$ cat my_file-v7.cif   # mmCIF, N, CA and C atoms
data_my_file
#
loop_
_atom_site.label_atom_id
_atom_site.label_comp_id
_atom_site.auth_asym_id
_atom_site.auth_seq_id
_atom_site.Cartn_x
_atom_site.Cartn_y
_atom_site.Cartn_z
N MET A 1 6.08 -14.86 12.10
CA MET A 1 6.32 -13.57 11.48
C MET A 1 4.99 -12.83 11.37
N LYS A 2 5.04 -11.52 11.58
CA LYS A 2 3.86 -10.69 11.44
C LYS A 2 3.94 -9.93 10.12
N ALA A 3 2.80 -9.84 9.43
CA ALA A 3 2.71 -9.07 8.20
C ALA A 3 1.50 -8.14 8.32
N THR A 4 1.71 -6.88 8.02
CA THR A 4 0.63 -5.90 8.00
C THR A 4 0.36 -5.57 6.54
N ILE A 5 -0.90 -5.72 6.14
CA ILE A 5 -1.29 -5.39 4.77
C ILE A 5 -2.22 -4.19 4.81
N TRP A 6 -1.88 -3.17 4.04
CA TRP A 6 -2.73 -2.00 3.84
C TRP A 6 -3.60 -2.37 2.65
N HIS A 7 -4.83 -2.72 2.94
CA HIS A 7 -5.69 -3.51 2.06
C HIS A 7 -6.94 -2.76 1.63
N ASN A 8 -7.34 -3.02 0.37
CA ASN A 8 -8.63 -2.58 -0.14
C ASN A 8 -9.35 -3.84 -0.61
N PRO A 9 -10.41 -4.26 0.10
CA PRO A 9 -11.08 -5.51 -0.26
C PRO A 9 -11.74 -5.49 -1.65
N LYS A 10 -11.90 -4.32 -2.25
CA LYS A 10 -12.49 -4.23 -3.59
C LYS A 10 -11.46 -4.43 -4.69
N CYS A 11 -10.19 -4.48 -4.32
CA CYS A 11 -9.10 -4.59 -5.29
C CYS A 11 -8.68 -6.06 -5.43
N GLY A 12 -8.70 -6.56 -6.67
CA GLY A 12 -8.32 -7.94 -6.93
C GLY A 12 -6.88 -8.26 -6.52
N THR A 13 -5.96 -7.37 -6.83
CA THR A 13 -4.56 -7.60 -6.47
C THR A 13 -4.38 -7.62 -4.96
N SER A 14 -5.10 -6.76 -4.28
CA SER A 14 -5.04 -6.72 -2.82
C SER A 14 -5.61 -8.01 -2.23
N ARG A 15 -6.72 -8.48 -2.77
CA ARG A 15 -7.32 -9.74 -2.29
C ARG A 15 -6.37 -10.92 -2.55
N LYS A 16 -5.73 -10.94 -3.71
CA LYS A 16 -4.79 -12.04 -4.03
C LYS A 16 -3.58 -12.00 -3.09
N THR A 17 -3.09 -10.81 -2.80
CA THR A 17 -1.96 -10.69 -1.88
C THR A 17 -2.35 -11.16 -0.49
N LEU A 18 -3.52 -10.76 -0.03
CA LEU A 18 -4.00 -11.20 1.28
C LEU A 18 -4.15 -12.72 1.31
N ALA A 19 -4.63 -13.31 0.23
CA ALA A 19 -4.77 -14.77 0.17
C ALA A 19 -3.42 -15.46 0.30
N ILE A 20 -2.39 -14.90 -0.32
CA ILE A 20 -1.04 -15.46 -0.19
C ILE A 20 -0.62 -15.43 1.27
N LEU A 21 -0.81 -14.28 1.91
CA LEU A 21 -0.42 -14.13 3.32
C LEU A 21 -1.18 -15.11 4.21
N GLU A 22 -2.48 -15.23 3.99
CA GLU A 22 -3.30 -16.09 4.84
C GLU A 22 -3.04 -17.57 4.61
N SER A 23 -2.47 -17.92 3.46
CA SER A 23 -2.19 -19.32 3.17
C SER A 23 -0.94 -19.84 3.87
N LEU A 24 -0.17 -18.94 4.43
CA LEU A 24 1.09 -19.32 5.07
C LEU A 24 0.91 -19.38 6.58
N SER A 25 1.07 -20.56 7.14
CA SER A 25 0.84 -20.73 8.58
C SER A 25 1.83 -19.96 9.44
N LYS A 26 2.99 -19.66 8.88
CA LYS A 26 4.02 -18.96 9.66
C LYS A 26 3.77 -17.45 9.75
N VAL A 27 2.73 -16.95 9.09
CA VAL A 27 2.49 -15.51 9.03
C VAL A 27 1.24 -15.14 9.82
N GLU A 28 1.41 -14.23 10.77
CA GLU A 28 0.30 -13.62 11.50
C GLU A 28 -0.05 -12.34 10.76
N VAL A 29 -1.26 -12.26 10.22
CA VAL A 29 -1.64 -11.16 9.33
C VAL A 29 -2.48 -10.13 10.06
N GLU A 30 -2.07 -8.87 9.95
CA GLU A 30 -2.88 -7.74 10.40
C GLU A 30 -3.38 -7.04 9.14
N VAL A 31 -4.68 -6.93 9.03
CA VAL A 31 -5.30 -6.30 7.87
C VAL A 31 -5.78 -4.91 8.26
N ILE A 32 -5.29 -3.91 7.54
CA ILE A 32 -5.75 -2.54 7.75
C ILE A 32 -6.44 -2.10 6.48
N GLU A 33 -7.74 -1.89 6.57
CA GLU A 33 -8.47 -1.36 5.42
C GLU A 33 -8.22 0.15 5.40
N TYR A 34 -7.26 0.54 4.59
CA TYR A 34 -6.76 1.91 4.63
C TYR A 34 -7.79 2.95 4.18
N LEU A 35 -8.84 2.54 3.48
CA LEU A 35 -9.88 3.51 3.14
C LEU A 35 -10.71 3.87 4.36
N LYS A 36 -10.79 2.95 5.33
CA LYS A 36 -11.50 3.19 6.58
C LYS A 36 -10.59 3.78 7.65
N ARG A 37 -9.32 3.35 7.65
CA ARG A 37 -8.33 3.81 8.62
C ARG A 37 -7.09 4.29 7.87
N PRO A 38 -7.17 5.49 7.29
CA PRO A 38 -6.04 5.97 6.47
C PRO A 38 -4.77 6.17 7.28
N PRO A 39 -3.65 5.83 6.68
CA PRO A 39 -2.37 6.10 7.34
C PRO A 39 -2.08 7.60 7.30
N THR A 40 -1.26 8.04 8.23
CA THR A 40 -0.82 9.43 8.23
C THR A 40 0.22 9.63 7.14
N ALA A 41 0.48 10.87 6.82
CA ALA A 41 1.54 11.19 5.85
C ALA A 41 2.87 10.66 6.36
N GLU A 42 3.09 10.73 7.67
CA GLU A 42 4.35 10.25 8.25
C GLU A 42 4.48 8.74 8.09
N LYS A 43 3.39 8.01 8.32
CA LYS A 43 3.43 6.55 8.18
C LYS A 43 3.67 6.18 6.71
N LEU A 44 3.00 6.86 5.80
CA LEU A 44 3.22 6.61 4.38
C LEU A 44 4.67 6.88 4.00
N ALA A 45 5.23 7.97 4.49
CA ALA A 45 6.63 8.30 4.19
C ALA A 45 7.55 7.17 4.65
N GLN A 46 7.29 6.64 5.84
CA GLN A 46 8.10 5.54 6.37
C GLN A 46 7.93 4.29 5.52
N LEU A 47 6.69 3.97 5.13
CA LEU A 47 6.46 2.79 4.30
C LEU A 47 7.18 2.89 2.97
N TYR A 48 7.07 4.03 2.31
CA TYR A 48 7.72 4.19 1.01
C TYR A 48 9.24 4.19 1.14
N LYS A 49 9.74 4.81 2.19
CA LYS A 49 11.19 4.81 2.41
C LYS A 49 11.68 3.37 2.59
N ASP A 50 10.96 2.60 3.43
CA ASP A 50 11.35 1.22 3.68
C ASP A 50 11.19 0.34 2.44
N ALA A 51 10.28 0.71 1.56
CA ALA A 51 10.08 -0.04 0.31
C ALA A 51 11.08 0.37 -0.76
N GLY A 52 11.79 1.48 -0.52
CA GLY A 52 12.77 1.95 -1.50
C GLY A 52 12.13 2.64 -2.69
N ILE A 53 10.94 3.21 -2.49
CA ILE A 53 10.27 3.93 -3.57
C ILE A 53 9.90 5.33 -3.10
N SER A 54 9.61 6.19 -4.04
CA SER A 54 9.20 7.55 -3.71
C SER A 54 7.69 7.60 -3.51
N PRO A 55 7.19 8.61 -2.81
CA PRO A 55 5.75 8.75 -2.69
C PRO A 55 5.05 8.81 -4.05
N ASN A 56 5.71 9.42 -5.02
CA ASN A 56 5.12 9.52 -6.36
C ASN A 56 4.94 8.14 -6.99
N GLU A 57 5.84 7.20 -6.67
CA GLU A 57 5.71 5.84 -7.19
C GLU A 57 4.59 5.08 -6.50
N GLY A 58 4.18 5.54 -5.34
CA GLY A 58 3.08 4.93 -4.60
C GLY A 58 1.74 5.59 -4.87
N LEU A 59 1.72 6.54 -5.79
CA LEU A 59 0.50 7.28 -6.12
C LEU A 59 -0.36 6.47 -7.09
N ARG A 60 -1.61 6.28 -6.74
CA ARG A 60 -2.53 5.56 -7.62
C ARG A 60 -3.07 6.53 -8.66
N LEU A 61 -2.90 6.18 -9.92
CA LEU A 61 -3.38 7.02 -11.01
C LEU A 61 -4.71 6.51 -11.56
N ARG A 62 -4.80 5.20 -11.73
CA ARG A 62 -6.01 4.62 -12.33
C ARG A 62 -7.20 4.79 -11.38
N GLY A 63 -8.27 5.34 -11.92
CA GLY A 63 -9.49 5.50 -11.14
C GLY A 63 -9.47 6.65 -10.16
N THR A 64 -8.48 7.53 -10.28
CA THR A 64 -8.40 8.69 -9.39
C THR A 64 -8.27 9.96 -10.23
N ASP A 65 -8.31 11.09 -9.56
CA ASP A 65 -8.12 12.37 -10.22
C ASP A 65 -6.72 12.93 -9.97
N ALA A 66 -5.77 12.05 -9.70
CA ALA A 66 -4.41 12.47 -9.36
C ALA A 66 -3.78 13.34 -10.45
N GLU A 67 -3.95 12.95 -11.71
CA GLU A 67 -3.36 13.74 -12.80
C GLU A 67 -4.02 15.10 -12.90
N GLU A 68 -5.35 15.12 -12.82
CA GLU A 68 -6.07 16.40 -12.92
C GLU A 68 -5.69 17.34 -11.78
N ARG A 69 -5.36 16.77 -10.64
CA ARG A 69 -4.96 17.58 -9.48
C ARG A 69 -3.50 18.01 -9.54
N GLY A 70 -2.80 17.55 -10.57
CA GLY A 70 -1.39 17.93 -10.71
C GLY A 70 -0.45 17.14 -9.83
N LEU A 71 -0.92 16.04 -9.25
CA LEU A 71 -0.10 15.29 -8.31
C LEU A 71 1.03 14.52 -8.98
N THR A 72 0.93 14.26 -10.27
CA THR A 72 2.02 13.56 -10.96
C THR A 72 3.26 14.45 -11.06
N GLN A 73 3.07 15.74 -10.91
CA GLN A 73 4.19 16.68 -10.96
C GLN A 73 4.50 17.29 -9.59
N ALA A 74 3.80 16.84 -8.57
CA ALA A 74 3.94 17.41 -7.23
C ALA A 74 5.16 16.84 -6.51
N THR A 75 5.55 17.52 -5.44
CA THR A 75 6.65 17.02 -4.62
C THR A 75 6.17 15.83 -3.79
N GLY A 76 7.11 15.08 -3.27
CA GLY A 76 6.77 13.94 -2.42
C GLY A 76 5.95 14.36 -1.22
N THR A 77 6.29 15.47 -0.62
CA THR A 77 5.55 15.98 0.54
C THR A 77 4.11 16.30 0.17
N GLU A 78 3.92 16.90 -0.99
CA GLU A 78 2.56 17.22 -1.45
C GLU A 78 1.76 15.96 -1.74
N VAL A 79 2.41 14.97 -2.34
CA VAL A 79 1.74 13.71 -2.64
C VAL A 79 1.34 13.01 -1.34
N LEU A 80 2.23 12.97 -0.37
CA LEU A 80 1.92 12.35 0.91
C LEU A 80 0.74 13.03 1.60
N ALA A 81 0.71 14.35 1.58
CA ALA A 81 -0.40 15.09 2.19
C ALA A 81 -1.71 14.77 1.48
N ALA A 82 -1.66 14.70 0.15
CA ALA A 82 -2.87 14.39 -0.62
C ALA A 82 -3.36 12.97 -0.31
N MET A 83 -2.43 12.02 -0.20
CA MET A 83 -2.79 10.64 0.11
C MET A 83 -3.41 10.52 1.50
N ALA A 84 -2.84 11.23 2.45
CA ALA A 84 -3.37 11.18 3.82
C ALA A 84 -4.78 11.77 3.87
N ALA A 85 -5.03 12.78 3.07
CA ALA A 85 -6.34 13.42 3.03
C ALA A 85 -7.34 12.61 2.20
N ASP A 86 -6.85 11.91 1.18
CA ASP A 86 -7.71 11.14 0.28
C ASP A 86 -7.04 9.79 0.02
N PRO A 87 -7.32 8.79 0.86
CA PRO A 87 -6.61 7.51 0.73
C PRO A 87 -6.89 6.76 -0.57
N ASN A 88 -7.87 7.19 -1.36
CA ASN A 88 -8.07 6.58 -2.68
C ASN A 88 -6.85 6.77 -3.58
N LEU A 89 -6.00 7.73 -3.22
CA LEU A 89 -4.80 8.02 -4.01
C LEU A 89 -3.64 7.06 -3.72
N ILE A 90 -3.80 6.20 -2.73
CA ILE A 90 -2.75 5.26 -2.34
C ILE A 90 -2.83 4.01 -3.21
N GLU A 91 -1.75 3.71 -3.91
CA GLU A 91 -1.69 2.46 -4.68
C GLU A 91 -1.60 1.31 -3.69
N ARG A 92 -2.24 0.21 -4.02
CA ARG A 92 -2.32 -0.90 -3.08
C ARG A 92 -2.05 -2.20 -3.77
N PRO A 93 -1.78 -3.20 -2.94
CA PRO A 93 -1.63 -3.24 -1.49
C PRO A 93 -0.17 -2.99 -1.08
N ILE A 94 -0.01 -2.47 0.09
CA ILE A 94 1.31 -2.31 0.69
C ILE A 94 1.40 -3.33 1.82
N VAL A 95 2.50 -4.07 1.85
CA VAL A 95 2.70 -5.07 2.91
C VAL A 95 3.99 -4.75 3.64
N GLU A 96 3.92 -4.81 4.97
CA GLU A 96 5.06 -4.52 5.83
C GLU A 96 5.33 -5.74 6.72
N THR A 97 6.59 -6.21 6.70
CA THR A 97 7.03 -7.28 7.60
C THR A 97 8.36 -6.85 8.21
N GLU A 98 8.89 -7.69 9.08
CA GLU A 98 10.19 -7.39 9.67
C GLU A 98 11.31 -7.42 8.62
N LYS A 99 11.06 -8.02 7.47
CA LYS A 99 12.05 -8.09 6.40
C LYS A 99 11.96 -6.94 5.41
N GLY A 100 10.93 -6.09 5.55
CA GLY A 100 10.82 -4.94 4.66
C GLY A 100 9.39 -4.62 4.29
N VAL A 101 9.28 -3.73 3.32
CA VAL A 101 7.98 -3.26 2.83
C VAL A 101 7.98 -3.39 1.32
N ARG A 102 6.82 -3.77 0.77
CA ARG A 102 6.68 -3.84 -0.68
C ARG A 102 5.30 -3.33 -1.08
N LEU A 103 5.28 -2.62 -2.20
CA LEU A 103 4.05 -2.32 -2.89
C LEU A 103 3.83 -3.55 -3.78
N CYS A 104 2.85 -4.35 -3.46
CA CYS A 104 2.71 -5.69 -4.05
C CYS A 104 1.89 -5.69 -5.32
N ARG A 105 2.45 -5.11 -6.34
CA ARG A 105 1.87 -5.13 -7.68
C ARG A 105 2.98 -5.61 -8.61
N PRO A 106 2.95 -6.82 -9.09
CA PRO A 106 1.94 -7.84 -8.88
C PRO A 106 2.04 -8.47 -7.49
N GLN A 107 1.05 -9.26 -7.13
CA GLN A 107 0.92 -9.79 -5.77
C GLN A 107 2.08 -10.68 -5.35
N ASP A 108 2.74 -11.35 -6.28
CA ASP A 108 3.84 -12.25 -5.94
C ASP A 108 5.04 -11.54 -5.33
N ILE A 109 5.10 -10.23 -5.48
CA ILE A 109 6.21 -9.46 -4.88
C ILE A 109 6.23 -9.62 -3.36
N VAL A 110 5.08 -9.93 -2.77
CA VAL A 110 5.02 -10.11 -1.32
C VAL A 110 5.98 -11.20 -0.85
N LEU A 111 6.26 -12.18 -1.69
CA LEU A 111 7.13 -13.29 -1.31
C LEU A 111 8.56 -12.82 -1.00
N GLU A 112 8.95 -11.66 -1.52
CA GLU A 112 10.30 -11.12 -1.26
C GLU A 112 10.51 -10.78 0.20
N ILE A 113 9.44 -10.51 0.94
CA ILE A 113 9.60 -10.06 2.33
C ILE A 113 9.01 -11.06 3.33
N LEU A 114 8.84 -12.30 2.91
CA LEU A 114 8.33 -13.33 3.81
C LEU A 114 9.41 -14.31 4.16
#

$ encode --input "my_file-v7.cif" --output "structure tokens"
Amino acid sequence: MKATIWHNPKCGTSRKTLAILESLSKVEVEVIEYLKRPPTAEKLAQLYKDAGISPNEGLRLRGTDAEERGLTQATGTEVLAAMAADPNLIERPIVETEKGVRLCRPQDIVLEIL
């Protein structure tokens, strides 16, 4: 099975999720450091749709200026555009497998799609 993790190596939850993935021999892991290689708004829309959450639920509030920018009240399209332009606004980690997508907070949620 292949798993793609949209990863921030500075984030403890992201590191713990990656460790879970790497500990499983049946999983081939692709790591995308999204701060270096940001996803497009279209890719984010697909990830959130597949995860069953709205873009607003994938918006990172802690440590960002999302509230000051009015993004907590913005439309999904506006949030996606802001995330694509400033990937610090993306809550992490997001993991995608053939079984689905999850925003892995807490990290054990990744087990649902393995």

$ residues_around --input "my_file-v7.cif" --residues "A:Thr40" --least-positions-apart "4" --cutoff "9 Å" --atoms "only C-alpha atoms" --output "PDB file with N, CA and C atoms, in the coordinates of the input"
ATOM      1  N   LEU A  44       3.000   6.860   5.800  1.00  0.00           N
ATOM      2  CA  LEU A  44       3.220   6.610   4.380  1.00  0.00           C
ATOM      3  C   LEU A  44       4.670   6.880   4.000  1.00  0.00           C
ATOM      4  N   ALA A  45       5.230   7.970   4.490  1.00  0.00           N
ATOM      5  CA  ALA A  45       6.630   8.300   4.190  1.00  0.00           C
ATOM      6  C   ALA A  45       7.550   7.170   4.650  1.00  0.00           C
ATOM      7  N   LEU A  80       2.230  12.970  -0.370  1.00  0.00           N
ATOM      8  CA  LEU A  80       1.920  12.350   0.910  1.00  0.00           C
ATOM      9  C   LEU A  80       0.740  13.030   1.600  1.00  0.00           C
ATOM     10  N   ALA A  81       0.710  14.350   1.580  1.00  0.00           N
ATOM     11  CA  ALA A  81      -0.400  15.090   2.190  1.00  0.00           C
ATOM     12  C   ALA A  81      -1.710  14.770   1.480  1.00  0.00           C
ATOM     13  N   MET A  83      -2.430  12.020  -0.200  1.00  0.00           N
ATOM     14  CA  MET A  83      -2.790  10.640   0.110  1.00  0.00           C
ATOM     15  C   MET A  83      -3.410  10.520   1.500  1.00  0.00           C
ATOM     16  N   ALA A  84      -2.840  11.230   2.450  1.00  0.00           N
ATOM     17  CA  ALA A  84      -3.370  11.180   3.820  1.00  0.00           C
ATOM     18  C   ALA A  84      -4.780  11.770   3.870  1.00  0.00           C
ATOM     19  N   ALA A  85      -5.030  12.780   3.070  1.00  0.00           N
ATOM     20  CA  ALA A  85      -6.340  13.420   3.030  1.00  0.00           C
ATOM     21  C   ALA A  85      -7.340  12.610   2.200  1.00  0.00           C
TER      22      ALA A  85
END

$ resolve_selection --input "my_file-v7.cif" --expression "the PyMOL selection byres ((chain A and resi 94) around 5)" --output "list in words"
Ile5, Trp6, Arg92, Pro93, Val95, Glu96, Arg102, Leu103 and Cys104 of chain A

$ residues_around --input "my_file-v7.cif" --residues "stretch 51-64 of chain A" --least-positions-apart "4" --cutoff "5 Å" --atoms "only N, CA and C atoms" --output "NGL selection string"
:A and (47 or 89-91 or 101-102)

$ closest_residue --input "my_file-v7.cif" --among "A:Ile113, A:Ala82, A:Thr4, A:Gln107" --to "A:Ile20" --atoms "all atoms listed in the file"
A:Gln107

$ resolve_selection --input "my_file-v7.cif" --expression "the PyMOL selection byres (((chain A and resi 22-28 and name CA) around 10) and name CA)" --output "PyMOL selection string"
chain A and resi 1-4+16-21+29-31+97+114

$ closest_residue --input "my_file-v7.cif" --among "A:Leu111, A:Asn88, A:Gly100, A:Thr72" --to "A:Gln46" --atoms "only C-alpha atoms"
A:Gly100

$ atom_distance --input "my_file-v7.cif" --atom1 "atom CA of A:Glu78" --atom2 "atom CA of A:Lys99"
28.1 Å

$ select_by_dssp --input "my_file-v7.cif" --residues "chain A" --states "helix (DSSP H, G or I)" --output "PyMOL selection string"
chain A and resi 12-23+41-51+55-58+71-73+76-85+87-89+107-113

$ closest_residue --input "my_file-v7.cif" --among "A:Arg37, A:Lys10, A:Arg15, A:Arg69" --to "A:Pro87" --atoms "only N, CA and C atoms"
A:Arg37

$ atom_distance --input "my_file-v7.cif" --atom1 "atom CA of A:Val110" --atom2 "atom N of A:Ala66"
26.0 Å

$ closest_residue --input "my_file-v7.cif" --among "A:Ala41, A:Thr13, A:Lys36, A:Glu98" --to "A:Glu112" --atoms "only C-alpha atoms"
A:Glu98

$ select_by_dssp --input "my_file-v7.cif" --residues "stretch 16-100 of chain A" --states "strand (DSSP E or B)" --output "list in words"
Glu28, Val29, Glu30, Val31, Ile32, Glu33, Leu59, Ile90, Ile94, Val95, Glu96, Thr97 and Gly100 of chain A

$ write_last_selection --input "my_file-v7.cif" --atoms "N, CA and C atoms" --output "CSV table (one decimal), in the coordinates of the input"
chain,number,residue,atom,x,y,z
A,28,GLU,N,1.4,-14.2,10.8
A,28,GLU,CA,0.3,-13.6,11.5
A,28,GLU,C,0.0,-12.3,10.8
A,29,VAL,N,-1.3,-12.3,10.2
A,29,VAL,CA,-1.6,-11.2,9.3
A,29,VAL,C,-2.5,-10.1,10.1
A,30,GLU,N,-2.1,-8.9,10.0
A,30,GLU,CA,-2.9,-7.7,10.4
A,30,GLU,C,-3.4,-7.0,9.1
A,31,VAL,N,-4.7,-6.9,9.0
A,31,VAL,CA,-5.3,-6.3,7.9
A,31,VAL,C,-5.8,-4.9,8.3
A,32,ILE,N,-5.3,-3.9,7.5
A,32,ILE,CA,-5.8,-2.5,7.8
A,32,ILE,C,-6.4,-2.1,6.5
A,33,GLU,N,-7.7,-1.9,6.6
A,33,GLU,CA,-8.5,-1.4,5.4
A,33,GLU,C,-8.2,0.2,5.4
A,59,LEU,N,1.7,6.5,-5.8
A,59,LEU,CA,0.5,7.3,-6.1
A,59,LEU,C,-0.4,6.5,-7.1
A,90,ILE,N,-3.8,6.2,-2.7
A,90,ILE,CA,-2.8,5.3,-2.3
A,90,ILE,C,-2.8,4.0,-3.2
A,94,ILE,N,0.0,-2.5,0.1
A,94,ILE,CA,1.3,-2.3,0.7
A,94,ILE,C,1.4,-3.3,1.8
A,95,VAL,N,2.5,-4.1,1.8
A,95,VAL,CA,2.7,-5.1,2.9
A,95,VAL,C,4.0,-4.8,3.6
A,96,GLU,N,3.9,-4.8,5.0
A,96,GLU,CA,5.1,-4.5,5.8
A,96,GLU,C,5.3,-5.7,6.7
A,97,THR,N,6.6,-6.2,6.7
A,97,THR,CA,7.0,-7.3,7.6
A,97,THR,C,8.4,-6.8,8.2
A,100,GLY,N,10.9,-6.1,5.6
A,100,GLY,CA,10.8,-4.9,4.7
A,100,GLY,C,9.4,-4.6,4.3

$ closest_residue --input "my_file-v7.cif" --among "A:Thr75, A:Asp50, A:Glu67, A:Ser14" --to "A:Glu33" --atoms "only C-alpha atoms"
A:Ser14

$ decode --input "my_file-v7.cif" --residues "stretch 73-98 of chain A" --atoms "N, CA and C atoms" --output "CSV table (one decimal), in the first residue's frame"
chain,number,residue,atom,x,y,z
A,73,GLN,N,-14.2,33.1,8.7
A,73,GLN,CA,-15.5,33.4,8.2
A,73,GLN,C,-15.5,33.4,6.7
A,74,ALA,N,-14.5,33.0,6.1
A,74,ALA,CA,-14.4,33.0,4.6
A,74,ALA,C,-15.0,31.7,4.0
A,75,THR,N,-15.3,31.8,2.7
A,75,THR,CA,-15.8,30.7,2.0
A,75,THR,C,-14.7,29.6,1.8
A,76,GLY,N,-15.2,28.4,1.5
A,76,GLY,CA,-14.2,27.3,1.3
A,76,GLY,C,-13.2,27.7,0.1
A,77,THR,N,-13.8,28.3,-0.9
A,77,THR,CA,-12.9,28.7,-2.1
A,77,THR,C,-11.9,29.7,-1.6
A,78,GLU,N,-12.3,30.6,-0.8
A,78,GLU,CA,-11.3,31.6,-0.3
A,78,GLU,C,-10.3,31.0,0.6
A,79,VAL,N,-10.7,30.1,1.4
A,79,VAL,CA,-9.7,29.4,2.3
A,79,VAL,C,-8.7,28.6,1.5
A,80,LEU,N,-9.2,27.9,0.5
A,80,LEU,CA,-8.3,27.1,-0.4
A,80,LEU,C,-7.3,28.0,-1.1
A,81,ALA,N,-7.7,29.1,-1.6
A,81,ALA,CA,-6.8,30.0,-2.3
A,81,ALA,C,-5.8,30.5,-1.3
A,82,ALA,N,-6.2,30.9,-0.1
A,82,ALA,CA,-5.3,31.4,0.9
A,82,ALA,C,-4.2,30.3,1.3
A,83,MET,N,-4.7,29.0,1.4
A,83,MET,CA,-3.8,27.9,1.8
A,83,MET,C,-2.8,27.7,0.7
A,84,ALA,N,-3.2,27.7,-0.6
A,84,ALA,CA,-2.3,27.5,-1.7
A,84,ALA,C,-1.3,28.6,-1.8
A,85,ALA,N,-1.7,29.8,-1.4
A,85,ALA,CA,-0.7,30.9,-1.4
A,85,ALA,C,0.2,31.0,-0.2
A,86,ASP,N,-0.3,30.5,0.9
A,86,ASP,CA,0.4,30.5,2.2
A,86,ASP,C,0.2,29.1,2.9
A,87,PRO,N,1.1,28.1,2.6
A,87,PRO,CA,0.9,26.8,3.1
A,87,PRO,C,1.0,26.7,4.6
A,88,ASN,N,1.4,27.7,5.3
A,88,ASN,CA,1.4,27.7,6.8
A,88,ASN,C,0.0,27.6,7.3
A,89,LEU,N,-1.0,27.9,6.5
A,89,LEU,CA,-2.4,27.9,6.9
A,89,LEU,C,-3.0,26.5,6.8
A,90,ILE,N,-2.2,25.5,6.3
A,90,ILE,CA,-2.7,24.1,6.2
A,90,ILE,C,-2.5,23.4,7.5
A,91,GLU,N,-3.6,22.9,8.1
A,91,GLU,CA,-3.4,22.0,9.3
A,91,GLU,C,-2.8,20.7,8.8
A,92,ARG,N,-1.9,20.1,9.7
A,92,ARG,CA,-1.2,19.0,9.3
A,92,ARG,C,-1.2,18.0,10.4
A,93,PRO,N,-0.8,16.7,10.0
A,93,PRO,CA,-0.5,16.2,8.7
A,93,PRO,C,-1.8,15.6,8.0
A,94,ILE,N,-1.7,15.6,6.7
A,94,ILE,CA,-2.8,15.0,5.9
A,94,ILE,C,-2.2,13.8,5.3
A,95,VAL,N,-2.9,12.7,5.4
A,95,VAL,CA,-2.4,11.4,4.8
A,95,VAL,C,-3.4,10.9,3.8
A,96,GLU,N,-2.9,10.5,2.7
A,96,GLU,CA,-3.8,9.9,1.6
A,96,GLU,C,-3.3,8.5,1.2
A,97,THR,N,-4.3,7.6,1.3
A,97,THR,CA,-4.0,6.2,0.8
A,97,THR,C,-5.1,5.8,-0.1
A,98,GLU,N,-5.1,4.6,-0.6
A,98,GLU,CA,-6.1,4.1,-1.5
A,98,GLU,C,-7.4,3.9,-0.7
